[in-house]
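With compact mmCIF, C-alpha atoms and all ligand atoms inside, this is final-v2.txt:
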# COMPACT_ATOMS: atom_id res chain seq x y z
CA MET A 9 14.64 19.19 -12.84
CA THR A 10 15.68 18.82 -9.22
CA SER A 11 17.21 15.54 -8.03
CA ALA A 12 14.90 12.79 -6.77
CA LEU A 13 13.75 13.06 -3.15
CA HIS A 14 12.39 10.02 -1.35
CA THR A 15 12.10 11.60 2.09
CA SER A 16 12.69 15.21 3.03
CA SER A 17 14.73 16.05 6.09
CA LEU A 18 14.22 19.68 6.98
CA THR A 19 15.57 20.50 10.41
CA SER A 20 14.65 24.18 10.53
CA LEU A 21 10.91 23.42 10.85
CA PRO A 22 9.00 20.99 13.10
CA LEU A 23 7.69 17.95 11.21
CA LEU A 24 3.91 17.60 11.57
CA ALA A 25 3.43 14.34 9.70
CA ARG A 26 4.62 12.25 6.81
CA GLY A 27 1.87 11.00 4.50
CA LYS A 28 2.40 8.38 1.85
CA VAL A 29 3.66 11.08 -0.47
CA ARG A 30 4.00 14.38 1.35
CA ASP A 31 6.03 15.56 4.30
CA ASN A 32 4.29 18.34 6.18
CA TYR A 33 6.04 20.88 8.40
CA ALA A 34 4.65 23.56 10.69
CA VAL A 35 5.54 27.14 9.88
CA GLY A 36 4.69 29.07 13.01
CA ASP A 37 1.22 28.18 14.22
CA ASP A 38 -0.72 29.43 11.24
CA ARG A 39 0.93 27.90 8.16
CA ILE A 40 2.06 24.51 6.84
CA LEU A 41 4.84 23.72 4.39
CA MET A 42 3.70 20.73 2.33
CA VAL A 43 6.61 19.07 0.55
CA ALA A 44 5.58 16.58 -2.15
CA SER A 45 8.28 13.93 -2.20
CA ASP A 46 8.95 11.58 -5.12
CA ARG A 47 7.58 8.61 -3.19
CA ILE A 48 5.00 6.46 -4.90
CA SER A 49 2.61 4.00 -3.34
CA ALA A 50 0.69 1.15 -4.90
CA PHE A 51 -1.67 -1.26 -3.15
CA ASP A 52 -1.17 1.07 -0.15
CA VAL A 53 2.53 0.17 0.09
CA ILE A 54 5.20 2.85 -0.36
CA MET A 55 7.88 1.81 -2.85
CA GLY A 56 11.51 2.04 -1.80
CA GLU A 57 12.61 3.95 -4.90
CA PRO A 58 11.50 7.48 -5.72
CA ILE A 59 10.01 8.45 -9.10
CA PRO A 60 12.20 11.40 -10.20
CA GLY A 61 10.13 14.50 -10.90
CA LYS A 62 6.88 13.16 -9.44
CA GLY A 63 6.64 15.51 -6.46
CA GLU A 64 7.29 18.54 -8.61
CA LEU A 65 4.76 17.44 -11.23
CA LEU A 66 2.08 16.80 -8.59
CA THR A 67 2.65 20.20 -7.05
CA GLN A 68 2.57 21.94 -10.44
CA MET A 69 -0.69 20.16 -11.24
CA ALA A 70 -2.32 21.14 -7.95
CA LEU A 71 -1.20 24.74 -8.49
CA PHE A 72 -2.57 24.67 -12.03
CA TRP A 73 -5.96 23.53 -10.71
CA PHE A 74 -6.05 26.00 -7.82
CA GLY A 75 -5.49 28.70 -10.43
CA GLN A 76 -8.39 27.46 -12.56
CA LEU A 77 -10.87 27.09 -9.71
CA GLY A 78 -10.43 30.22 -7.63
CA HIS A 79 -13.75 31.61 -8.85
CA ILE A 80 -15.62 28.66 -7.32
CA CYS A 81 -13.96 28.45 -3.91
CA PRO A 82 -11.04 30.13 -2.11
CA ASN A 83 -8.02 27.88 -1.51
CA HIS A 84 -5.36 27.50 1.15
CA LEU A 85 -2.38 28.94 -0.76
CA THR A 86 -0.69 31.85 0.96
CA GLY A 87 1.02 33.10 -2.19
CA GLU A 88 4.33 33.14 -0.34
CA ALA A 89 7.35 31.27 -1.69
CA PRO A 90 8.03 27.95 0.08
CA GLU A 91 11.77 28.66 -0.20
CA SER A 92 11.31 31.69 2.02
CA VAL A 93 10.67 29.65 5.18
CA VAL A 94 13.66 27.25 5.06
CA THR A 95 17.41 27.75 5.35
CA PRO A 96 19.47 28.26 2.16
CA ALA A 97 20.87 24.73 2.52
CA GLU A 98 17.33 23.31 2.52
CA VAL A 99 16.05 25.16 -0.53
CA ALA A 100 16.98 22.30 -2.88
CA GLN A 101 14.65 19.94 -1.00
CA VAL A 102 11.73 22.34 -1.24
CA LYS A 103 11.96 24.20 -4.53
CA GLY A 104 9.31 23.40 -7.15
CA ARG A 105 7.71 20.64 -5.11
CA SER A 106 6.14 22.49 -2.19
CA MET A 107 3.16 24.59 -1.20
CA LEU A 108 3.14 27.05 1.66
CA VAL A 109 -0.44 27.03 2.87
CA LYS A 110 -2.67 28.53 5.55
CA ARG A 111 -3.16 26.14 8.41
CA LEU A 112 -6.88 25.49 8.55
CA LYS A 113 -9.19 23.59 10.84
CA PRO A 114 -9.74 20.43 8.77
CA ILE A 115 -13.31 19.27 8.20
CA PRO A 116 -13.39 15.50 8.74
CA VAL A 117 -15.29 14.80 5.50
CA GLU A 118 -13.58 13.64 2.33
CA ALA A 119 -15.63 15.15 -0.46
CA VAL A 120 -15.64 12.50 -3.18
CA VAL A 121 -17.26 13.22 -6.55
CA ARG A 122 -17.68 10.53 -9.18
CA GLY A 123 -18.49 11.16 -12.82
CA TYR A 124 -17.91 7.58 -13.96
CA LEU A 125 -18.38 4.11 -12.49
CA ALA A 126 -15.02 2.68 -11.47
CA GLY A 127 -13.31 0.57 -8.86
CA SER A 128 -15.35 0.12 -5.69
CA GLY A 129 -18.18 2.15 -7.24
CA TRP A 130 -18.54 -0.34 -10.07
CA ALA A 131 -18.45 -3.25 -7.60
CA GLU A 132 -21.17 -1.65 -5.48
CA TYR A 133 -23.31 -0.87 -8.50
CA GLN A 134 -23.20 -4.49 -9.62
CA ALA A 135 -24.29 -5.61 -6.16
CA GLY A 136 -27.21 -3.20 -5.70
CA GLN A 137 -27.52 -0.61 -8.51
CA SER A 138 -26.36 2.18 -6.23
CA VAL A 139 -23.09 3.76 -5.10
CA CYS A 140 -22.75 4.89 -1.48
CA GLY A 141 -26.51 5.04 -1.12
CA VAL A 142 -27.03 6.98 -4.36
CA LYS A 143 -29.50 5.12 -6.57
CA LEU A 144 -28.43 4.89 -10.24
CA PRO A 145 -30.20 3.92 -13.46
CA ALA A 146 -30.13 0.29 -14.61
CA GLY A 147 -27.91 -0.91 -17.45
CA LEU A 148 -24.67 0.93 -16.63
CA GLN A 149 -21.40 -0.86 -17.34
CA ASN A 150 -17.90 -0.73 -15.95
CA ALA A 151 -16.46 2.76 -16.67
CA SER A 152 -19.84 4.12 -17.80
CA LYS A 153 -20.25 7.86 -17.54
CA LEU A 154 -22.93 8.68 -14.98
CA PRO A 155 -25.94 10.75 -16.09
CA GLU A 156 -24.82 13.39 -13.56
CA PRO A 157 -21.78 13.46 -11.25
CA ILE A 158 -22.62 12.08 -7.81
CA TYR A 159 -21.35 13.11 -4.40
CA THR A 160 -20.24 10.14 -2.26
CA PRO A 161 -18.54 11.46 0.89
CA ALA A 162 -16.25 9.47 3.14
CA ALA A 163 -15.19 9.90 6.75
CA LYS A 164 -11.50 10.66 7.09
CA ALA A 165 -9.87 7.60 8.64
CA GLU A 166 -7.19 7.56 11.32
CA VAL A 167 -3.63 6.98 10.06
CA GLY A 168 -3.27 3.51 8.59
CA GLU A 169 -7.02 2.90 8.30
CA HIS A 170 -9.10 3.09 5.14
CA ASP A 171 -11.61 5.91 4.69
CA GLU A 172 -15.17 4.85 5.32
CA ASN A 173 -17.95 5.74 2.87
CA ILE A 174 -20.82 7.58 4.52
CA THR A 175 -24.12 9.03 3.39
CA PHE A 176 -24.77 12.72 2.85
CA GLU A 177 -27.16 12.57 5.83
CA LYS A 178 -24.32 11.34 8.00
CA THR A 179 -22.21 14.36 7.00
CA VAL A 180 -25.14 16.57 8.02
CA GLU A 181 -25.08 14.92 11.45
CA MET A 182 -21.33 15.45 11.67
CA ILE A 183 -20.94 19.05 10.51
CA GLY A 184 -24.45 20.50 10.17
CA LEU A 185 -26.74 21.03 7.21
CA ASP A 186 -25.30 24.33 6.02
CA LEU A 187 -21.67 23.22 5.82
CA ALA A 188 -22.52 19.76 4.51
CA THR A 189 -24.61 21.24 1.71
CA ARG A 190 -22.04 23.85 0.76
CA ILE A 191 -19.27 21.26 0.61
CA ARG A 192 -21.38 18.99 -1.56
CA ASP A 193 -22.42 21.73 -3.97
CA ILE A 194 -18.96 23.28 -4.26
CA SER A 195 -17.37 19.86 -4.80
CA ILE A 196 -19.74 19.02 -7.63
CA ALA A 197 -19.22 22.45 -9.19
CA ILE A 198 -15.43 22.09 -9.05
CA TYR A 199 -15.56 18.58 -10.47
CA LYS A 200 -17.75 19.70 -13.36
CA ALA A 201 -15.53 22.65 -14.22
CA ALA A 202 -12.32 20.63 -13.93
CA SER A 203 -13.54 17.60 -15.84
CA GLU A 204 -14.55 19.84 -18.76
CA ILE A 205 -11.13 21.47 -18.84
CA ALA A 206 -9.38 18.08 -18.61
CA LEU A 207 -11.55 16.46 -21.26
CA ALA A 208 -10.68 19.19 -23.73
CA LYS A 209 -7.04 18.16 -23.18
CA GLY A 210 -7.70 14.45 -23.64
CA ILE A 211 -7.97 13.43 -20.00
CA ILE A 212 -11.02 11.96 -18.30
CA ILE A 213 -11.21 12.65 -14.57
CA ALA A 214 -13.32 9.68 -13.54
CA ASP A 215 -13.57 10.67 -9.89
CA THR A 216 -11.81 12.80 -7.34
CA LYS A 217 -11.57 13.73 -3.69
CA PHE A 218 -11.48 17.18 -2.15
CA GLU A 219 -10.71 18.30 1.37
CA PHE A 220 -11.90 21.49 3.00
CA GLY A 221 -11.05 23.43 6.12
CA LEU A 222 -12.22 26.51 7.98
CA ASP A 223 -10.02 29.58 8.33
CA LYS A 224 -9.79 31.69 11.47
CA ASP A 225 -12.83 33.68 10.40
CA GLY A 226 -14.85 30.52 9.84
CA ALA A 227 -14.74 30.74 6.02
CA LEU A 228 -14.81 27.53 4.00
CA VAL A 229 -11.53 26.97 2.12
CA LEU A 230 -10.40 24.27 -0.32
CA MET A 231 -7.22 22.64 1.01
CA ASP A 232 -4.84 19.71 0.54
CA GLU A 233 -3.86 18.75 -3.02
CA VAL A 234 -6.51 19.07 -5.71
CA LEU A 235 -7.20 17.05 -8.82
CA THR A 236 -3.83 15.34 -9.04
CA PRO A 237 -3.55 11.76 -10.28
CA ASP A 238 -2.92 10.86 -6.61
CA SER A 239 -6.30 12.19 -5.46
CA SER A 240 -8.24 11.40 -8.63
CA ARG A 241 -8.64 8.74 -11.30
CA TYR A 242 -7.16 10.11 -14.52
CA TRP A 243 -7.89 8.18 -17.70
CA PRO A 244 -6.38 9.09 -21.08
CA VAL A 245 -9.32 9.35 -23.52
CA GLU A 246 -7.65 7.10 -26.07
CA GLY A 247 -7.61 4.13 -23.66
CA TYR A 248 -11.23 4.63 -22.63
CA LYS A 249 -13.85 2.05 -23.53
CA VAL A 250 -17.16 1.42 -21.75
CA GLY A 251 -17.28 -2.08 -20.31
CA ALA A 252 -13.55 -2.40 -19.73
CA ASN A 253 -11.23 -1.27 -16.95
CA PRO A 254 -9.51 1.83 -18.34
CA PRO A 255 -5.79 1.93 -17.49
CA SER A 256 -5.10 4.59 -14.87
CA TYR A 257 -2.87 7.34 -16.15
CA ASP A 258 -0.02 7.13 -13.80
CA LYS A 259 0.24 3.96 -11.76
CA GLN A 260 -0.98 1.33 -14.18
CA PHE A 261 2.46 0.43 -15.39
CA LEU A 262 3.73 0.07 -11.84
CA ARG A 263 0.70 -1.95 -10.74
CA ASP A 264 0.96 -4.29 -13.71
CA TRP A 265 4.62 -4.87 -12.97
CA LEU A 266 3.93 -5.45 -9.25
CA GLU A 267 1.31 -8.07 -10.15
CA THR A 268 4.05 -10.12 -11.78
CA ALA A 269 6.88 -9.29 -9.35
CA THR A 270 8.38 -12.01 -7.21
CA VAL A 271 10.19 -11.89 -3.90
CA ASP A 272 12.40 -14.90 -3.08
CA GLY A 273 10.81 -16.76 -5.97
CA LYS A 274 7.23 -16.20 -4.71
CA PRO A 275 4.64 -13.64 -5.94
CA TRP A 276 4.89 -10.43 -3.95
CA GLY A 277 2.17 -10.45 -1.24
CA LYS A 278 1.34 -6.71 -1.49
CA THR A 279 2.69 -5.95 1.95
CA ALA A 280 5.77 -3.89 2.82
CA PRO A 281 8.55 -4.04 1.88
CA ALA A 282 7.90 -3.62 -1.82
CA PRO A 283 10.14 -5.34 -4.37
CA LYS A 284 12.94 -3.24 -5.79
CA LEU A 285 11.69 -1.38 -8.86
CA PRO A 286 13.62 -1.85 -12.11
CA ALA A 287 14.88 1.30 -13.83
CA GLU A 288 12.44 0.75 -16.69
CA VAL A 289 9.41 0.82 -14.37
CA ILE A 290 10.68 3.99 -12.70
CA GLU A 291 11.32 5.75 -16.01
CA LYS A 292 8.00 4.73 -17.62
CA THR A 293 6.08 5.84 -14.54
CA ALA A 294 7.92 9.17 -14.44
CA ALA A 295 7.11 9.65 -18.12
CA LYS A 296 3.38 9.16 -17.43
CA TYR A 297 3.34 11.87 -14.78
CA ARG A 298 5.20 14.20 -17.15
CA GLU A 299 2.71 13.44 -19.89
CA ALA A 300 -0.26 14.18 -17.63
CA LEU A 301 1.04 17.64 -16.73
CA THR A 302 2.08 18.43 -20.28
CA ARG A 303 -1.32 17.49 -21.62
CA LEU A 304 -3.18 19.47 -19.02
CA THR A 305 -1.18 22.64 -19.36
CA ALA A 306 -0.52 22.47 -23.11
N1 LIG B 401 -4.34 23.90 4.67
C1 LIG B 401 -4.38 22.86 5.50
N2 LIG B 401 -4.54 23.04 6.84
C2 LIG B 401 -4.59 22.00 7.69
N3 LIG B 401 -4.48 20.72 7.32
C3 LIG B 401 -4.32 20.47 6.00
C4 LIG B 401 -4.27 21.50 5.03
N4 LIG B 401 -4.13 20.94 3.80
C5 LIG B 401 -4.09 19.60 4.01
N5 LIG B 401 -4.21 19.30 5.32
C6 LIG B 401 -4.19 17.99 5.97
O1 LIG B 401 -2.84 17.65 6.04
C7 LIG B 401 -2.68 16.26 5.81
C8 LIG B 401 -1.83 16.09 4.57
O2 LIG B 401 -1.26 14.93 4.70
P1 LIG B 401 -0.95 13.97 3.48
O3 LIG B 401 -1.99 14.04 2.42
O4 LIG B 401 0.43 14.21 3.13
O5 LIG B 401 -1.05 12.61 4.21
P2 LIG B 401 -2.30 11.76 4.65
O6 LIG B 401 -3.57 12.35 4.10
O7 LIG B 401 -2.20 11.53 6.10
O8 LIG B 401 -2.00 10.43 3.96
P3 LIG B 401 -2.08 10.04 2.42
O9 LIG B 401 -0.68 9.86 2.07
O10 LIG B 401 -2.89 8.82 2.42
O11 LIG B 401 -2.71 11.19 1.67
C9 LIG B 401 -4.06 15.69 5.64
O12 LIG B 401 -4.51 15.19 6.87
C10 LIG B 401 -4.88 16.89 5.21
O13 LIG B 401 -6.23 16.76 5.61
MG MG B 402 -3.77 12.91 1.95

For the file at hand, write its structure as structure tokens.
Amino acid sequence: MTSALHTSSLTSLPLLARGKVRDNYAVGDDRILMVASDRISAFDVIMGEPIPGKGELLTQMALFWFGQLGHICPNHLTGEAPESVVTPAEVAQVKGRSMLVKRLKPIPVEAVVRGYLAGSGWAEYQAGQSVCGVKLPAGLQNASKLPEPIYTPAAKAEVGEHDENITFEKTVEMIGLDLATRIRDISIAIYKAASEIALAKGIIIADTKFEFGLDKDGALVLMDEVLTPDSSRYWPVEGYKVGANPPSYDKQFLRDWLETATVDGKPWGKTAPAPKLPAEVIEKTAAKYREALTRLTA
């Protein structure tokens, strides 16, 4: 395994943006180098310590899924090696943790698909028996599997803002009926295919988010990361019980620890800076990410 990387510092390529986890660099005007760092965030705050191996595991998972889903929708991978666009001295920062992708025109809709009731979906259901305007049958409980996966899009928020849930009709207004419908149908098809594959390996994908873009010929392409524990809720089947909050695969241990963490003798207020993570929390979290990839690809 490569050494832990909190923040990349490539100087041979122009930095486009740093997300919570990834650092994105322009490669000419038609490609992007996406470097998944080992940063981890919880409660929307980035921790100061990296989780060794996390970036590599996330990238390997996304690549695994792109490989499984190519028959449903084309993706943004160029097939070129990320190491080929940086200097020899920078290869160590990039290797194993990066994707070299086609630079697409992003569609401002986050394509969320939910197969189970969880988090904000469960809260909304309790308040009005629907999720993002989608009416659901009565009698569902926390973590219940939905009769059919539902599509609950969100509008991509500006940096630092939270995404806003919108109706399917609103996406039609934004991007037109044809594109809105194709994105919805492809997203549901991908979710169904992926959740079957994952379930056979002992992982429930409760919900997930996809992003799409248009290439220079106007074709619809799946982009960003796909079906990683960062973009999806992964639940190990053995911890799953209807009516209870299933532990999330990857961040539960960190979240539980943060709930009890103190700063200057007071409970941490969930704003930056985060408390310093103990070695045990880092190692247990790293182990969870390793386990998720091992299970999936076993
Ligand atoms: N092939 C692509 N072409 C163009 N833009 C892309 C492509 N793939 C992903 N993107 C965009 O690049 C950005 C990736 O950034 P990243 O996910 O690292 O950070 P973020 O989405 O701003 O923040 P967060 O850390 O909350 O995810 C997103 O805005 C995504 O929509
Ligand atoms: Mg993102």

Give the residues close to ligand LIG 401 (chain B), within 7 Å, counting all atoms listed in the file; write them as a PyMOL selection string. chain A and resi 25-32+40+84+109-114+167+219+221+231-232

Report, in Å with one decimal, the straight-line distance from atom CA of A:Val229 to atom CA of A:Ser195. 11.5 Å

Selection: 12 Å around A:Ser20, only C-alpha atoms, excl. self and same-chain fewer than 3 positions, as a PyMOL selection string: chain A and resi 16-17+23+33-36+41+91-99

Separation of atom CA of A:Gly61 from atom CA of A:Ala294, in Å and rounded to one decimal: 6.8 Å

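You will find atom CA of A:Pro281 at 24.3 Å from atom CA of A:Ala295.
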
Identify the residues around (0.9, 18.8, -8.6) within a radius of 10 Å, measuring from all atoms listed in the file in the coordinates stated by the file, and give them as a PyMOL selection string. chain A and resi 44+62-73+104-107+233-238+297+301

Selection above as a file: C-alpha atoms, as a CSV table (one decimal), in the coordinates of the input:
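Ended up saving to part_35.csv:
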chain,number,residue,atom,x,y,z
A,44,ALA,CA,5.6,16.6,-2.2
A,62,LYS,CA,6.9,13.2,-9.4
A,63,GLY,CA,6.6,15.5,-6.5
A,64,GLU,CA,7.3,18.5,-8.6
A,65,LEU,CA,4.8,17.4,-11.2
A,66,LEU,CA,2.1,16.8,-8.6
A,67,THR,CA,2.6,20.2,-7.0
A,68,GLN,CA,2.6,21.9,-10.4
A,69,MET,CA,-0.7,20.2,-11.2
A,70,ALA,CA,-2.3,21.1,-8.0
A,71,LEU,CA,-1.2,24.7,-8.5
A,72,PHE,CA,-2.6,24.7,-12.0
A,73,TRP,CA,-6.0,23.5,-10.7
A,104,GLY,CA,9.3,23.4,-7.2
A,105,ARG,CA,7.7,20.6,-5.1
A,106,SER,CA,6.1,22.5,-2.2
A,107,MET,CA,3.2,24.6,-1.2
A,233,GLU,CA,-3.9,18.8,-3.0
A,234,VAL,CA,-6.5,19.1,-5.7
A,235,LEU,CA,-7.2,17.0,-8.8
A,236,THR,CA,-3.8,15.3,-9.0
A,237,PRO,CA,-3.6,11.8,-10.3
A,238,ASP,CA,-2.9,10.9,-6.6
A,297,TYR,CA,3.3,11.9,-14.8
A,301,LEU,CA,1.0,17.6,-16.7

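Closest approach to ligand MG 402 (chain B) among A:Ile205, A:Phe218, A:Ser152, A:Leu24 is made by A:Phe218 (distances from all atoms listed in the file).
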
Of the residues A:Ser239, A:Ile191, A:Ile158, A:Gln76, which is the one nearest to ligand MG 402 (chain B), using only C-alpha atoms and all ligand atoms? A:Ser239

If you take every atom of stretch 262-265 of chain A that the file lists and fit an axis-aligned box around them with 6 Å extra on each side, what centre and edge lengths come out in Å to one decimal, as JSON?
{"center_x": 2.7, "center_y": -2.4, "center_z": -12.2, "size_x": 15.9, "size_y": 16.9, "size_z": 15.0}

If I only have part of stretch 80-92 of chain A, can you fill in N, CA, C and O atoms and write it as a PDB file, keeping the file's coordinate frame?
ATOM      1  N   ILE A  80     -14.586  29.501  -7.946  1.00  0.00           N
ATOM      2  CA  ILE A  80     -15.620  28.660  -7.320  1.00  0.00           C
ATOM      3  C   ILE A  80     -15.452  28.616  -5.809  1.00  0.00           C
ATOM      4  O   ILE A  80     -16.436  28.633  -5.064  1.00  0.00           O
ATOM      5  N   CYS A  81     -14.194  28.544  -5.355  1.00  0.00           N
ATOM      6  CA  CYS A  81     -13.960  28.450  -3.910  1.00  0.00           C
ATOM      7  C   CYS A  81     -12.559  28.954  -3.585  1.00  0.00           C
ATOM      8  O   CYS A  81     -11.617  28.649  -4.309  1.00  0.00           O
ATOM      9  N   PRO A  82     -12.397  29.711  -2.502  1.00  0.00           N
ATOM     10  CA  PRO A  82     -11.040  30.130  -2.110  1.00  0.00           C
ATOM     11  C   PRO A  82     -10.203  28.923  -1.700  1.00  0.00           C
ATOM     12  O   PRO A  82     -10.752  27.910  -1.259  1.00  0.00           O
ATOM     13  N   ASN A  83      -8.880  29.008  -1.876  1.00  0.00           N
ATOM     14  CA  ASN A  83      -8.020  27.880  -1.510  1.00  0.00           C
ATOM     15  C   ASN A  83      -6.996  28.284  -0.448  1.00  0.00           C
ATOM     16  O   ASN A  83      -6.898  29.447  -0.080  1.00  0.00           O
ATOM     17  N   HIS A  84      -6.240  27.295  -0.004  1.00  0.00           N
ATOM     18  CA  HIS A  84      -5.360  27.500   1.150  1.00  0.00           C
ATOM     19  C   HIS A  84      -3.989  28.102   0.830  1.00  0.00           C
ATOM     20  O   HIS A  84      -3.189  28.308   1.741  1.00  0.00           O
ATOM     21  N   LEU A  85      -3.708  28.398  -0.441  1.00  0.00           N
ATOM     22  CA  LEU A  85      -2.380  28.940  -0.760  1.00  0.00           C
ATOM     23  C   LEU A  85      -2.177  30.314  -0.133  1.00  0.00           C
ATOM     24  O   LEU A  85      -3.090  31.138  -0.130  1.00  0.00           O
ATOM     25  N   THR A  86      -0.973  30.538   0.380  1.00  0.00           N
ATOM     26  CA  THR A  86      -0.690  31.850   0.960  1.00  0.00           C
ATOM     27  C   THR A  86      -0.143  32.815  -0.089  1.00  0.00           C
ATOM     28  O   THR A  86      -0.148  34.023   0.116  1.00  0.00           O
ATOM     29  N   GLY A  87       0.374  32.257  -1.191  1.00  0.00           N
ATOM     30  CA  GLY A  87       1.020  33.100  -2.190  1.00  0.00           C
ATOM     31  C   GLY A  87       2.474  33.384  -1.865  1.00  0.00           C
ATOM     32  O   GLY A  87       3.178  34.000  -2.658  1.00  0.00           O
ATOM     33  N   GLU A  88       2.931  32.921  -0.709  1.00  0.00           N
ATOM     34  CA  GLU A  88       4.330  33.140  -0.340  1.00  0.00           C
ATOM     35  C   GLU A  88       5.185  31.994  -0.884  1.00  0.00           C
ATOM     36  O   GLU A  88       4.709  30.866  -1.006  1.00  0.00           O
ATOM     37  N   ALA A  89       6.457  32.289  -1.145  1.00  0.00           N
ATOM     38  CA  ALA A  89       7.350  31.270  -1.690  1.00  0.00           C
ATOM     39  C   ALA A  89       7.755  30.270  -0.607  1.00  0.00           C
ATOM     40  O   ALA A  89       8.212  30.679   0.469  1.00  0.00           O
ATOM     41  N   PRO A  90       7.599  28.967  -0.883  1.00  0.00           N
ATOM     42  CA  PRO A  90       8.030  27.950   0.080  1.00  0.00           C
ATOM     43  C   PRO A  90       9.498  28.073   0.467  1.00  0.00           C
ATOM     44  O   PRO A  90       9.877  27.804   1.599  1.00  0.00           O
ATOM     45  N   GLU A  91      10.330  28.532  -0.487  1.00  0.00           N
ATOM     46  CA  GLU A  91      11.770  28.660  -0.200  1.00  0.00           C
ATOM     47  C   GLU A  91      12.033  29.700   0.880  1.00  0.00           C
ATOM     48  O   GLU A  91      13.103  29.700   1.484  1.00  0.00           O
ATOM     49  N   SER A  92      11.051  30.582   1.098  1.00  0.00           N
ATOM     50  CA  SER A  92      11.310  31.690   2.020  1.00  0.00           C
ATOM     51  C   SER A  92      11.264  31.265   3.491  1.00  0.00           C
ATOM     52  O   SER A  92      11.642  32.032   4.362  1.00  0.00           O
TER      53      SER A  92
END
